[in-house]
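Asks: Sharing final38.cif below, mmCIF, C-alpha atoms:
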data_entry
#
loop_
_atom_site.label_atom_id
_atom_site.label_comp_id
_atom_site.auth_asym_id
_atom_site.auth_seq_id
_atom_site.Cartn_x
_atom_site.Cartn_y
_atom_site.Cartn_z
CA MET A 1 -63.22 51.33 -211.92
CA THR A 2 -60.06 51.34 -213.99
CA CYS A 3 -61.44 53.97 -216.35
CA GLY A 4 -62.43 56.28 -213.50
CA LEU A 5 -66.18 55.80 -213.65
CA PRO A 6 -68.08 55.43 -210.38
CA THR A 7 -68.77 51.71 -210.03
CA PHE A 8 -71.92 49.94 -208.96
CA ALA A 9 -71.37 46.18 -208.55
CA THR A 10 -72.93 43.26 -206.74
CA CYS A 11 -72.41 42.88 -203.03
CA ASN A 12 -71.37 39.26 -203.59
CA GLY A 13 -68.10 37.71 -204.65
CA GLY A 14 -65.09 39.61 -205.93
CA PRO A 15 -66.66 43.08 -206.19
CA ALA A 16 -67.51 42.99 -202.48
CA GLU A 17 -63.83 42.50 -201.71
CA ILE A 18 -62.61 45.21 -204.08
CA ILE A 19 -65.13 48.01 -203.60
CA VAL A 20 -65.31 49.95 -200.36
CA ASN A 21 -68.99 50.85 -200.34
CA GLY A 22 -69.57 54.58 -200.62
CA LYS A 23 -65.86 55.37 -201.01
CA SER A 24 -64.58 53.58 -204.12
CA GLY A 25 -67.93 52.53 -205.56
CA PHE A 26 -71.20 51.06 -204.41
CA HIS A 27 -72.43 47.59 -203.53
CA ILE A 28 -75.79 46.61 -204.92
CA ASP A 29 -77.99 43.61 -204.31
CA PRO A 30 -79.27 42.57 -207.74
CA TYR A 31 -82.31 40.98 -206.11
CA GLN A 32 -83.40 44.28 -204.53
CA GLY A 33 -84.33 46.34 -207.58
CA ASP A 34 -86.05 49.10 -205.62
CA GLN A 35 -83.00 49.63 -203.42
CA VAL A 36 -80.67 49.60 -206.43
CA SER A 37 -82.75 52.16 -208.31
CA GLN A 38 -82.93 54.38 -205.23
CA LEU A 39 -79.16 54.17 -204.75
CA LEU A 40 -78.63 55.25 -208.37
CA VAL A 41 -81.11 58.11 -208.05
CA ASP A 42 -79.52 59.26 -204.79
CA PHE A 43 -76.05 59.15 -206.33
CA PHE A 44 -77.00 61.22 -209.38
CA GLU A 45 -79.01 63.69 -207.30
CA LYS A 46 -76.02 64.18 -205.00
CA CYS A 47 -73.79 64.70 -208.05
CA LYS A 48 -76.23 67.29 -209.37
CA VAL A 49 -76.03 69.25 -206.12
CA ASP A 50 -72.30 68.63 -205.62
CA PRO A 51 -70.47 67.78 -208.88
CA SER A 52 -67.30 66.98 -206.91
CA HIS A 53 -69.09 63.91 -205.48
CA TRP A 54 -68.61 62.13 -208.84
CA ASP A 55 -64.89 62.87 -208.71
CA LYS A 56 -64.64 61.77 -205.09
CA ILE A 57 -66.05 58.32 -205.87
CA SER A 58 -64.09 58.12 -209.13
CA HIS A 59 -60.79 58.93 -207.42
CA GLY A 60 -61.64 56.54 -204.60
CA GLY A 61 -62.03 53.74 -207.13
CA LEU A 62 -58.74 54.53 -208.84
CA LYS A 63 -56.96 54.73 -205.48
CA ARG A 64 -58.41 51.36 -204.47
CA ILE A 65 -57.12 49.77 -207.67
CA GLU A 66 -53.66 51.19 -207.07
CA GLU A 67 -53.69 49.83 -203.52
CA LYS A 68 -54.68 46.34 -204.55
#
Can the structure in the file be given as structure tokens, please?

Replies:
Amino acid sequence: MTCGLPTFATCNGGPAEIIVNGKSGFHIDPYQGDQVSQLLVDFFEKCKVDPSHWDKISHGGLKRIEEK
């Protein structure tokens, strides 16, 4: 998150408290591989259609870090 990359992290522990799902990154369940892969595909497809989506999530992550 600190380097501005969209973040995908587990939905358990610290990341769940830091990331606002869909706004500053994405929560994933490491035990649900199909859901994780679909989330990644959906994210990159949305970025392909709307390149500003990448920036929106990236800026959301940076803003969240500044807030906390």

Asks: Give me the residues within 7 Å of A:Gly61 as a count of residues only, counting only C-alpha atoms and dropping any in the same chain fewer than 5 places off.

Replies: 4

Asks: Between A:Val20, A:Leu5, A:Ile65, A:Cys11, which is the closest to A:Gln32 once you count only C-alpha atoms?

Replies: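 Result for the nearest residue to A:Gln32: A:Cys11.
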
Asks: Could you please determine the separation between atom CA of A:Glu66 and atom CA of A:Val41 in Å, to one decimal place?

Replies: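 So the two atoms, atom CA of A:Glu66 and atom CA of A:Val41, lie 28.3 Å apart.
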
Asks: Determine the residue membership of the PyMOL selection byres ((chain A and resi 56) around 10) for the file above and supply it as a compact mmCIF listing (two decimals) with C-alpha atoms, in the coordinates of the input.

Replies:
# COMPACT_ATOMS: atom_id res chain seq x y z
CA PRO A 6 -68.08 55.43 -210.38
CA GLY A 22 -69.57 54.58 -200.62
CA LYS A 23 -65.86 55.37 -201.01
CA SER A 24 -64.58 53.58 -204.12
CA GLY A 25 -67.93 52.53 -205.56
CA PRO A 51 -70.47 67.78 -208.88
CA SER A 52 -67.30 66.98 -206.91
CA HIS A 53 -69.09 63.91 -205.48
CA TRP A 54 -68.61 62.13 -208.84
CA ASP A 55 -64.89 62.87 -208.71
CA ILE A 57 -66.05 58.32 -205.87
CA SER A 58 -64.09 58.12 -209.13
CA HIS A 59 -60.79 58.93 -207.42
CA GLY A 60 -61.64 56.54 -204.60
CA GLY A 61 -62.03 53.74 -207.13

Asks: Could you check how far atom CA of A:Thr7 sits from atom CA of A:Asn21, in Å to one decimal?

Replies: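 Answer for the atom CA of A:Thr7 to atom CA of A:Asn21 separation: 9.7 Å.
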
Asks: Here is a test: counting all atoms listed in the file, which residue of A:Leu40, A:Ile28, A:Leu62, A:Cys47 is nearest to A:Thr10?

Replies: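 Among the listed residues, A:Ile28 lies closest to A:Thr10.
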
Asks: Quick one: everything within 12 Å of A:Pro30, counting all atoms listed in the file, minus sequence neighbours fewer than 4 positions away in the same chain. Send it as a list in words.

Replies: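 Near neighbours after the sequence-gap exclusion: Phe8, Ala9, Thr10, Cys11, Asn12, Asp34, Gln35, Val36, Ser37 and Leu39 of chain A.
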
Asks: So what do you get for atom CA of A:Arg64 versus atom CA of A:Phe43, distance-wise?

Replies: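 Taking atom CA of A:Arg64 and atom CA of A:Phe43, their separation equals 19.4 Å.
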
Asks: Could you write out as JSON the box around stretch 37-53 of chain A (axis-aligned, all atoms listed in the file, 8 Å on each side), with centre and edge lengths in Å to one decimal?

Replies:
{"center_x": -75.1, "center_y": 60.7, "center_z": -207.1, "size_x": 31.6, "size_y": 33.1, "size_z": 20.6}
